[in-house]
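File shown: entry-v4.txt (compact mmCIF, C-alpha atoms).
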```txt
# COMPACT_ATOMS: atom_id res chain seq x y z
CA MET A 1 -56.26 -7.43 -186.68
CA LEU A 2 -54.09 -4.79 -188.26
CA ALA A 3 -53.69 -4.90 -192.03
CA VAL A 4 -51.88 -2.75 -194.55
CA LEU A 5 -53.16 -2.01 -198.04
CA ARG A 6 -50.51 -1.07 -200.59
CA LEU A 7 -52.08 0.62 -203.63
CA GLY A 8 -51.01 0.42 -207.26
CA HIS A 9 -48.03 -1.94 -207.23
CA ARG A 10 -46.17 -2.08 -210.55
CA VAL A 11 -43.97 -5.11 -211.15
CA GLU A 12 -40.99 -3.39 -212.67
CA ARG A 13 -40.89 -0.10 -210.86
CA ASP A 14 -41.97 -1.13 -207.37
CA LYS A 15 -40.60 -4.64 -206.97
CA ARG A 16 -38.37 -3.89 -204.02
CA LEU A 17 -40.40 -1.01 -202.59
CA THR A 18 -43.50 -3.16 -202.16
CA SER A 19 -41.43 -5.92 -200.55
CA HIS A 20 -40.07 -3.31 -198.16
CA VAL A 21 -43.58 -2.10 -197.32
CA ALA A 22 -44.59 -5.71 -196.57
CA LEU A 23 -41.50 -6.35 -194.43
CA VAL A 24 -42.04 -3.12 -192.50
CA ALA A 25 -45.68 -4.08 -191.97
CA ARG A 26 -44.60 -7.46 -190.62
CA ALA A 27 -41.72 -6.17 -188.46
CA PHE A 28 -43.79 -3.34 -186.96
CA GLY A 29 -46.77 -5.39 -185.92
CA ALA A 30 -49.23 -5.75 -188.81
CA ASP A 31 -50.77 -9.15 -189.55
CA LYS A 32 -51.26 -8.89 -193.27
CA MET A 33 -50.63 -6.84 -196.39
CA TYR A 34 -53.18 -6.56 -199.18
CA TYR A 35 -51.99 -5.02 -202.43
CA THR A 36 -53.53 -3.83 -205.68
CA GLY A 37 -52.05 -3.03 -209.09
CA ASP A 38 -50.01 -5.80 -210.71
CA LYS A 39 -50.08 -9.22 -209.11
CA ASP A 40 -46.46 -10.12 -208.36
CA GLN A 41 -45.30 -13.61 -207.46
CA ASN A 42 -41.83 -12.31 -206.57
CA VAL A 43 -43.06 -10.00 -203.84
CA GLU A 44 -45.23 -12.75 -202.39
CA LEU A 45 -42.36 -15.24 -202.48
CA THR A 46 -39.91 -12.81 -200.88
CA VAL A 47 -42.28 -12.20 -197.99
CA MET A 48 -43.09 -15.89 -197.63
CA LYS A 49 -39.38 -16.75 -197.43
CA VAL A 50 -38.81 -14.09 -194.77
CA CYS A 51 -41.71 -15.45 -192.71
CA LYS A 52 -40.44 -19.00 -192.95
CA ARG A 53 -36.97 -17.95 -191.83
CA TRP A 54 -37.80 -15.20 -189.33
CA GLY A 55 -41.08 -16.53 -187.96
CA GLY A 56 -44.61 -15.33 -187.50
CA SER A 57 -47.67 -15.73 -189.68
CA PHE A 58 -47.70 -12.53 -191.75
CA GLU A 59 -49.65 -12.88 -195.02
CA THR A 60 -49.70 -11.13 -198.37
CA GLU A 61 -52.81 -11.08 -200.55
CA TYR A 62 -53.40 -9.57 -203.95
CA ILE A 63 -56.84 -8.02 -204.40
CA GLY A 64 -58.48 -6.73 -207.56
CA SER A 65 -60.32 -3.78 -206.05
CA TRP A 66 -59.29 -1.48 -203.21
CA ARG A 67 -62.76 0.05 -203.33
CA LYS A 68 -64.43 -3.23 -202.37
CA LEU A 69 -61.99 -3.78 -199.51
CA LEU A 70 -62.41 -0.25 -198.13
CA GLU A 71 -66.19 -0.38 -198.39
CA ALA A 72 -66.43 -3.82 -196.75
CA TRP A 73 -63.86 -3.13 -194.00
CA LYS A 74 -65.44 -3.51 -190.55
CA GLY A 75 -63.09 -1.23 -188.68
CA SER A 76 -61.12 1.99 -189.10
CA VAL A 77 -59.20 3.03 -192.18
CA VAL A 78 -56.11 5.23 -191.93
CA HIS A 79 -54.64 6.55 -195.17
CA LEU A 80 -51.04 7.71 -194.93
CA THR A 81 -50.53 10.68 -197.25
CA MET A 82 -48.35 13.75 -197.09
CA TYR A 83 -51.52 15.82 -197.64
CA GLY A 84 -53.17 14.55 -194.47
CA LEU A 85 -53.43 15.82 -190.91
CA PRO A 86 -50.22 15.72 -188.86
CA LEU A 87 -49.58 12.38 -187.15
CA LYS A 88 -49.27 14.03 -183.75
CA SER A 89 -52.68 15.70 -184.02
CA VAL A 90 -54.61 12.47 -184.65
CA ILE A 91 -52.58 9.61 -183.18
CA TYR A 92 -54.25 9.78 -179.75
CA GLU A 93 -57.68 9.40 -181.29
CA ILE A 94 -56.51 6.59 -183.60
CA ARG A 95 -54.96 4.74 -180.64
CA ARG A 96 -58.24 5.02 -178.77
CA VAL A 97 -60.31 3.85 -181.73
CA HIS A 98 -57.87 0.97 -182.34
CA ALA A 99 -58.11 -0.09 -178.67
CA GLU A 100 -61.91 -0.15 -178.92
CA ASN A 101 -62.27 -1.74 -182.34
CA LYS A 102 -59.22 -3.88 -183.03
CA LYS A 103 -59.68 -3.86 -186.82
CA LEU A 104 -57.45 -1.26 -188.44
CA LEU A 105 -56.47 -0.92 -192.09
CA VAL A 106 -53.53 1.31 -192.97
CA VAL A 107 -53.45 2.40 -196.62
CA VAL A 108 -50.28 3.54 -198.41
CA GLY A 109 -49.88 4.76 -202.04
CA GLY A 110 -48.98 4.21 -204.97
CA GLU A 111 -47.81 6.86 -207.40
CA LYS A 112 -51.28 8.25 -207.99
CA VAL A 113 -53.97 7.75 -205.36
CA GLU A 114 -57.61 8.19 -206.42
CA PRO A 115 -59.45 11.05 -204.68
CA GLU A 116 -62.03 8.52 -203.50
CA VAL A 117 -59.44 6.92 -201.19
CA TYR A 118 -59.19 10.20 -199.26
CA HIS A 119 -62.94 10.16 -198.79
CA LEU A 120 -63.33 6.48 -197.89
CA ALA A 121 -60.57 6.75 -195.26
CA ASP A 122 -61.58 7.66 -191.70
CA TYR A 123 -58.26 9.43 -191.22
CA ASN A 124 -55.86 10.93 -193.74
CA VAL A 125 -52.60 11.19 -191.83
CA SER A 126 -49.29 12.78 -192.77
CA VAL A 127 -45.93 11.62 -191.46
CA THR A 128 -44.36 15.00 -192.29
CA ASN A 129 -45.83 17.00 -195.18
CA GLN A 130 -42.73 16.26 -197.26
CA PRO A 131 -42.21 13.66 -199.98
CA HIS A 132 -40.22 10.65 -198.78
CA SER A 133 -41.03 6.91 -198.61
CA GLU A 134 -44.15 4.86 -198.00
CA ALA A 135 -42.13 2.23 -196.10
CA ALA A 136 -40.77 4.95 -193.80
CA ALA A 137 -44.18 6.56 -193.29
CA LEU A 138 -45.68 3.18 -192.40
CA ALA A 139 -42.89 2.35 -189.94
CA VAL A 140 -43.14 5.70 -188.16
CA PHE A 141 -46.94 5.51 -188.03
CA LEU A 142 -46.91 1.99 -186.53
CA ASP A 143 -44.17 2.98 -184.10
CA TRP A 144 -46.33 5.87 -182.84
CA LEU A 145 -49.44 3.70 -182.80
CA PHE A 146 -47.79 1.03 -180.64
CA GLN A 147 -45.64 3.56 -178.77
CA GLY A 148 -42.45 1.64 -179.37
CA ALA A 149 -43.79 -1.64 -177.96
CA GLU A 150 -43.54 -3.22 -181.43
CA LEU A 151 -39.75 -2.84 -181.32
CA GLU A 152 -39.59 -5.69 -178.83
CA ARG A 153 -41.92 -8.00 -180.70
CA THR A 154 -40.85 -11.63 -181.08
CA PHE A 155 -41.93 -13.97 -183.85
CA PRO A 156 -42.91 -17.57 -183.12
CA ASP A 157 -41.42 -20.51 -185.02
CA ALA A 158 -38.43 -18.61 -186.36
CA GLU A 159 -35.64 -20.69 -187.88
CA ILE A 160 -33.23 -17.92 -187.06
CA HIS A 161 -33.01 -15.01 -184.71
CA ILE A 162 -30.53 -12.31 -183.90
CA VAL A 163 -28.83 -11.82 -180.57
CA PRO A 164 -28.32 -8.03 -180.37
CA SER A 165 -24.66 -7.15 -180.35
CA ALA A 166 -22.53 -4.01 -179.91
CA LYS A 167 -20.13 -5.10 -182.67
CA GLY A 168 -20.54 -7.75 -185.35
CA LYS A 169 -23.28 -10.28 -185.93
CA ILE A 170 -24.61 -12.97 -183.64
CA VAL A 171 -27.22 -15.22 -185.16
CA GLN A 172 -29.02 -18.01 -183.37
CA ARG A 173 -30.31 -20.87 -185.51
CA ARG A 174 -32.85 -22.97 -183.65
CA SER A 175 -30.28 -24.98 -181.72
CA ARG A 176 -26.89 -23.46 -182.35
CA LEU A 177 -25.27 -20.06 -181.99
CA ILE A 178 -23.25 -18.63 -184.88
CA GLN A 179 -20.99 -15.68 -184.26
CA THR A 180 -19.13 -13.81 -187.05
CA MET B 181 -24.46 18.67 -188.72
CA LEU B 182 -26.24 15.38 -189.19
CA ALA B 183 -25.30 13.33 -192.22
CA VAL B 184 -26.34 9.96 -193.57
CA LEU B 185 -24.04 7.53 -195.36
CA ARG B 186 -25.71 5.06 -197.68
CA LEU B 187 -23.42 2.15 -198.49
CA GLY B 188 -23.13 0.17 -201.71
CA HIS B 189 -25.66 1.81 -204.03
CA ARG B 190 -26.24 -0.13 -207.27
CA VAL B 191 -27.74 1.82 -210.16
CA GLU B 192 -30.20 -0.77 -211.39
CA ARG B 193 -31.26 -2.48 -208.23
CA ASP B 194 -31.34 0.43 -205.77
CA LYS B 195 -32.38 3.41 -207.89
CA ARG B 196 -35.56 4.17 -206.02
CA LEU B 197 -34.49 2.80 -202.63
CA THR B 198 -31.51 5.14 -202.42
CA SER B 199 -33.68 8.09 -203.45
CA HIS B 200 -36.06 7.12 -200.67
CA VAL B 201 -33.21 6.98 -198.15
CA ALA B 202 -32.14 10.47 -199.26
CA LEU B 203 -35.69 11.85 -199.05
CA VAL B 204 -36.20 10.33 -195.62
CA ALA B 205 -32.88 11.81 -194.48
CA ARG B 206 -33.99 15.23 -195.72
CA ALA B 207 -37.55 15.06 -194.37
CA PHE B 208 -36.46 13.77 -190.94
CA GLY B 209 -33.80 16.38 -190.27
CA ALA B 210 -30.47 15.34 -191.81
CA ASP B 211 -28.40 17.90 -193.73
CA LYS B 212 -26.71 15.65 -196.22
CA MET B 213 -26.43 12.16 -197.66
CA TYR B 214 -23.13 10.66 -198.74
CA TYR B 215 -23.28 7.47 -200.74
CA THR B 216 -20.88 4.82 -202.02
CA GLY B 217 -21.17 2.11 -204.65
CA ASP B 218 -22.20 3.29 -208.12
CA LYS B 219 -22.30 7.01 -208.79
CA ASP B 220 -25.84 7.76 -209.97
CA GLN B 221 -26.85 11.02 -211.64
CA ASN B 222 -30.53 10.05 -211.43
CA VAL B 223 -30.59 9.80 -207.65
CA GLU B 224 -28.76 13.11 -207.33
CA LEU B 225 -31.14 14.80 -209.78
CA THR B 226 -34.24 13.42 -208.07
CA VAL B 227 -33.10 14.79 -204.73
CA MET B 228 -32.05 18.11 -206.24
CA LYS B 229 -35.49 18.54 -207.83
CA VAL B 230 -37.23 17.77 -204.54
CA CYS B 231 -35.09 20.35 -202.74
CA LYS B 232 -35.80 23.02 -205.33
CA ARG B 233 -39.52 22.40 -205.10
CA TRP B 234 -39.92 21.61 -201.40
CA GLY B 235 -37.19 23.83 -199.98
CA GLY B 236 -34.16 23.47 -197.74
CA SER B 237 -30.53 22.89 -198.58
CA PHE B 238 -30.13 19.12 -198.34
CA GLU B 239 -27.17 17.80 -200.33
CA THR B 240 -26.15 14.49 -201.87
CA GLU B 241 -22.51 13.58 -202.41
CA TYR B 242 -20.95 10.50 -203.95
CA ILE B 243 -17.76 9.35 -202.24
CA GLY B 244 -15.27 6.73 -203.35
CA SER B 245 -14.40 5.32 -199.93
CA TRP B 246 -16.60 4.89 -196.87
CA ARG B 247 -13.49 3.95 -194.88
CA LYS B 248 -11.92 7.37 -195.42
CA LEU B 249 -15.13 9.15 -194.40
CA LEU B 250 -15.58 7.05 -191.25
CA GLU B 251 -11.96 7.43 -190.21
CA ALA B 252 -11.94 11.19 -190.82
CA TRP B 253 -15.36 11.89 -189.25
CA LYS B 254 -15.04 14.29 -186.29
CA GLY B 255 -18.12 13.20 -184.41
CA SER B 256 -20.14 10.10 -183.64
CA VAL B 257 -20.98 7.32 -186.03
CA VAL B 258 -24.19 5.31 -185.68
CA HIS B 259 -24.58 2.25 -187.91
CA LEU B 260 -28.15 1.03 -188.32
CA THR B 261 -28.16 -2.74 -188.60
CA MET B 262 -30.57 -5.43 -187.54
CA TYR B 263 -27.66 -7.10 -185.70
CA GLY B 264 -27.08 -4.10 -183.44
CA LEU B 265 -28.22 -3.13 -179.96
CA PRO B 266 -31.90 -2.28 -179.57
CA LEU B 267 -32.72 1.35 -180.36
CA LYS B 268 -34.35 1.87 -176.97
CA SER B 269 -31.27 0.70 -175.08
CA VAL B 270 -28.90 3.23 -176.69
CA ILE B 271 -30.99 6.18 -177.85
CA TYR B 272 -30.63 8.15 -174.60
CA GLU B 273 -26.86 7.97 -174.79
CA ILE B 274 -26.83 8.86 -178.49
CA ARG B 275 -29.10 11.87 -177.83
CA ARG B 276 -26.72 13.05 -175.13
CA VAL B 277 -23.63 12.58 -177.30
CA HIS B 278 -25.38 14.33 -180.18
CA ALA B 279 -26.32 17.27 -177.93
CA GLU B 280 -22.69 17.62 -176.84
CA ASN B 281 -21.00 17.07 -180.19
CA LYS B 282 -23.35 18.09 -182.93
CA LYS B 283 -21.64 16.02 -185.65
CA LEU B 284 -23.43 12.75 -186.20
CA LEU B 285 -23.12 10.32 -189.10
CA VAL B 286 -25.81 7.67 -189.54
CA VAL B 287 -24.73 4.74 -191.73
CA VAL B 288 -27.20 2.47 -193.54
CA GLY B 289 -26.45 -0.60 -195.76
CA GLY B 290 -26.19 -1.91 -198.55
CA GLU B 291 -26.78 -5.55 -199.35
CA LYS B 292 -23.49 -6.64 -197.83
CA VAL B 293 -21.84 -4.48 -195.18
CA GLU B 294 -18.13 -5.04 -194.49
CA PRO B 295 -17.32 -6.22 -190.94
CA GLU B 296 -15.04 -3.19 -190.58
CA VAL B 297 -18.08 -0.87 -190.60
CA TYR B 298 -19.33 -2.53 -187.42
CA HIS B 299 -15.99 -1.83 -185.78
CA LEU B 300 -15.55 1.75 -187.00
CA ALA B 301 -19.06 2.69 -185.83
CA ASP B 302 -19.43 4.03 -182.28
CA TYR B 303 -22.89 2.47 -182.08
CA ASN B 304 -24.42 -0.43 -183.97
CA VAL B 305 -28.14 0.07 -183.52
CA SER B 306 -31.08 -2.14 -184.48
CA VAL B 307 -34.53 -0.81 -185.29
CA THR B 308 -36.07 -4.21 -184.58
CA ASN B 309 -33.92 -7.32 -185.15
CA GLN B 310 -36.02 -8.21 -188.19
CA PRO B 311 -35.28 -7.62 -191.88
CA HIS B 312 -37.25 -4.68 -193.34
CA SER B 313 -36.13 -1.45 -195.00
CA GLU B 314 -33.20 0.93 -194.61
CA ALA B 315 -35.46 3.92 -195.33
CA ALA B 316 -37.82 2.82 -192.55
CA ALA B 317 -34.99 2.15 -190.09
CA LEU B 318 -33.52 5.59 -190.79
CA ALA B 319 -36.89 7.34 -190.34
CA VAL B 320 -37.64 5.61 -187.04
CA PHE B 321 -34.12 6.24 -185.75
CA LEU B 322 -34.27 9.98 -186.58
CA ASP B 323 -37.78 10.21 -185.12
CA TRP B 324 -36.52 8.77 -181.83
CA LEU B 325 -33.38 10.92 -181.92
CA PHE B 326 -35.37 14.14 -182.35
CA GLN B 327 -38.31 12.85 -180.26
CA GLY B 328 -40.86 13.76 -182.91
CA ALA B 329 -39.73 17.40 -183.21
CA GLU B 330 -38.60 16.74 -186.80
CA LEU B 331 -42.22 16.06 -187.80
CA GLU B 332 -42.91 19.80 -187.55
CA ARG B 333 -39.84 20.90 -189.45
CA THR B 334 -40.33 23.57 -192.13
CA PHE B 335 -38.09 24.07 -195.14
CA PRO B 336 -37.03 27.55 -196.25
CA ASP B 337 -37.43 28.76 -199.83
CA ALA B 338 -39.97 26.12 -200.82
CA GLU B 339 -41.83 26.69 -204.08
CA ILE B 340 -44.66 24.61 -202.77
CA HIS B 341 -46.01 23.49 -199.45
CA ILE B 342 -48.91 21.44 -198.19
CA VAL B 343 -51.69 22.72 -195.99
CA PRO B 344 -52.65 19.64 -193.91
CA SER B 345 -56.16 18.51 -194.66
CA ALA B 346 -58.65 15.95 -193.31
CA LYS B 347 -59.82 15.04 -196.84
CA GLY B 348 -58.22 15.79 -200.20
CA LYS B 349 -55.17 17.85 -201.09
CA ILE B 350 -54.44 21.49 -200.40
CA VAL B 351 -51.22 22.80 -201.88
CA GLN B 352 -49.85 26.29 -201.44
CA ARG B 353 -47.59 27.59 -204.22
CA ARG B 354 -45.65 30.64 -203.11
CA SER B 355 -48.51 33.09 -203.66
CA ARG B 356 -51.63 31.12 -204.42
CA LEU B 357 -53.64 28.35 -202.85
CA ILE B 358 -54.67 25.35 -204.95
CA GLN B 359 -57.30 22.98 -203.63
CA THR B 360 -58.26 19.70 -205.33
```
Rendering of file as structure tokens:
Amino acid sequence: MLAVLRLGHRVERDKRLTSHVALVARAFGADKMYYTGDKDQNVELTVMKVCKRWGGSFETEYIGSWRKLLEAWKGSVVHLTMYGLPLKSVIYEIRRVHAENKKLLVVVGGEKVEPEVYHLADYNVSVTNQPHSEAAALAVFLDWLFQGAELERTFPDAEIHIVPSAKGKIVQRRSRLIQT
Amino acid sequence: MLAVLRLGHRVERDKRLTSHVALVARAFGADKMYYTGDKDQNVELTVMKVCKRWGGSFETEYIGSWRKLLEAWKGSVVHLTMYGLPLKSVIYEIRRVHAENKKLLVVVGGEKVEPEVYHLADYNVSVTNQPHSEAAALAVFLDWLFQGAELERTFPDAEIHIVPSAKGKIVQRRSRLIQT
């Protein structure tokens, strides 16, 4: 079980960013995204539609309190923050811990992250110490965690899948092949 | 010279996403981001402010025609698209080409990418064949290209930099250390 917790979603400002975080979580091997802040039907619908079309059983769940989730979590908590320890210096330990105890929660901000999150996390990890994007940080972290294996992941029950192509688009829909 | 081209920016819809693409480009080792679509002072200002504060000489430039840039580009063009060839199957060749001819342009969409882009690109590369995020795809691509070396990059003339920390935030401002 690998879950992502996205902190402090705001409907107007973060609409597409939070959807991107969820889609990255799904594409790079997480099972679920929890989020706090504003509850947002649109984000949940977007992700649900992607799952229906592209397969898999990824879930999104709004929760009222990150504190409760972090305190109750029976597993490791990794908080991605540009203030944290460099990815390379901790990833070997996190891989080991994840192999032993399969439950891992990866936390991403939010505009303003409460100091308590830094203390409740087992690891505060930086994917560069520069400001950039929570979706990017999550993708790079999961890619290092799974050592690239997640890039070949397939999703069961997809209505549609892509046949990789050097030029153009080849899409396979359940029974027929569409080339454009 | 490594540049990113972001296609089809729309002021309202993509404001923060395009800033994230630019910040990822900067943090992961690109020198510049070109963009097409709507010219957007806010994106340019956001990136300029980050550069002033966090150092380096990353630039953003609006261009009217992606076609002209692609046709005139003296170097390789990589287009990141979920329809492309798997990252792992082409990254060795792209690294080699990049080592020989230092000029590389990495193109990211845009809602709707013209078929011509697929044909003008030397490589159409997929970072998973699933829908997720252009910022994430760019980060993972650059991380593979530079084999993690970009994670240790430093930026000259920064007003501020982070001292990595296991808990909390430590920020160094030119001459003094601030710990919270």
Excluding same-chain residues fewer than 6 positions from Gln172 (chain A), what lies within 8 Å of it counting all atoms listed in the file, as a ChimeraX atom specification? /A:160-163,178
With 8 Å as the limit and counting all atoms listed in the file, what residues in chain B lie close to chain A? Please list them as a PyMOL selection string. chain B and resi 196-197+200-201+203-204+207+230+234+262-266+295+298-299+303-313+315-320+323+331-333+341-350
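For region 281-290 of chain B, the residues within 7 Å (counting only C-alpha atoms, excluding itself and residues fewer than 5 positions away along the chain) are B:Met181, B:Leu182, B:Ala183, B:Val184, B:Leu185, B:Arg186, B:Leu187, B:Gly188, B:His189, B:Lys254, B:Gly255, B:Ser256, B:Val257, B:Val258, B:His259, B:Leu260, B:Glu314.
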Skip Met228 (chain B) itself and residues of its chain fewer than 4 positions away, then list as an NGL selection string all residues within 8 Å of it, counting all atoms listed in the file. :B and (224 or 232 or 239)
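For the choices B:Ser245, B:Arg190, B:Gly236, B:Glu280, the atom-to-atom distance to Tyr214 (chain B) is smallest for B:Ser245 when using only C-alpha atoms.
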CA of Tyr272 (chain B) sits from CA of Phe326 (chain B) at a separation of 10.9 Å
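In this model, the gap between CA of Tyr215 (chain B) and CA of Tyr242 (chain B) comes to 5.0 Å.
Taking CA of Ala72 (chain A) and CA of Ser89 (chain A) as endpoints, the distance between them is 27.1 Å.
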Which centre and which edge lengths, in Å to one decimal, describe the axis-aligned box that holds all listed atoms of region 12-20 of chain A after 8 Å is added on each side, as JSON?
```
{"center_x": -40.9, "center_y": -3.0, "center_z": -205.4, "size_x": 21.1, "size_y": 21.8, "size_z": 30.5}
```
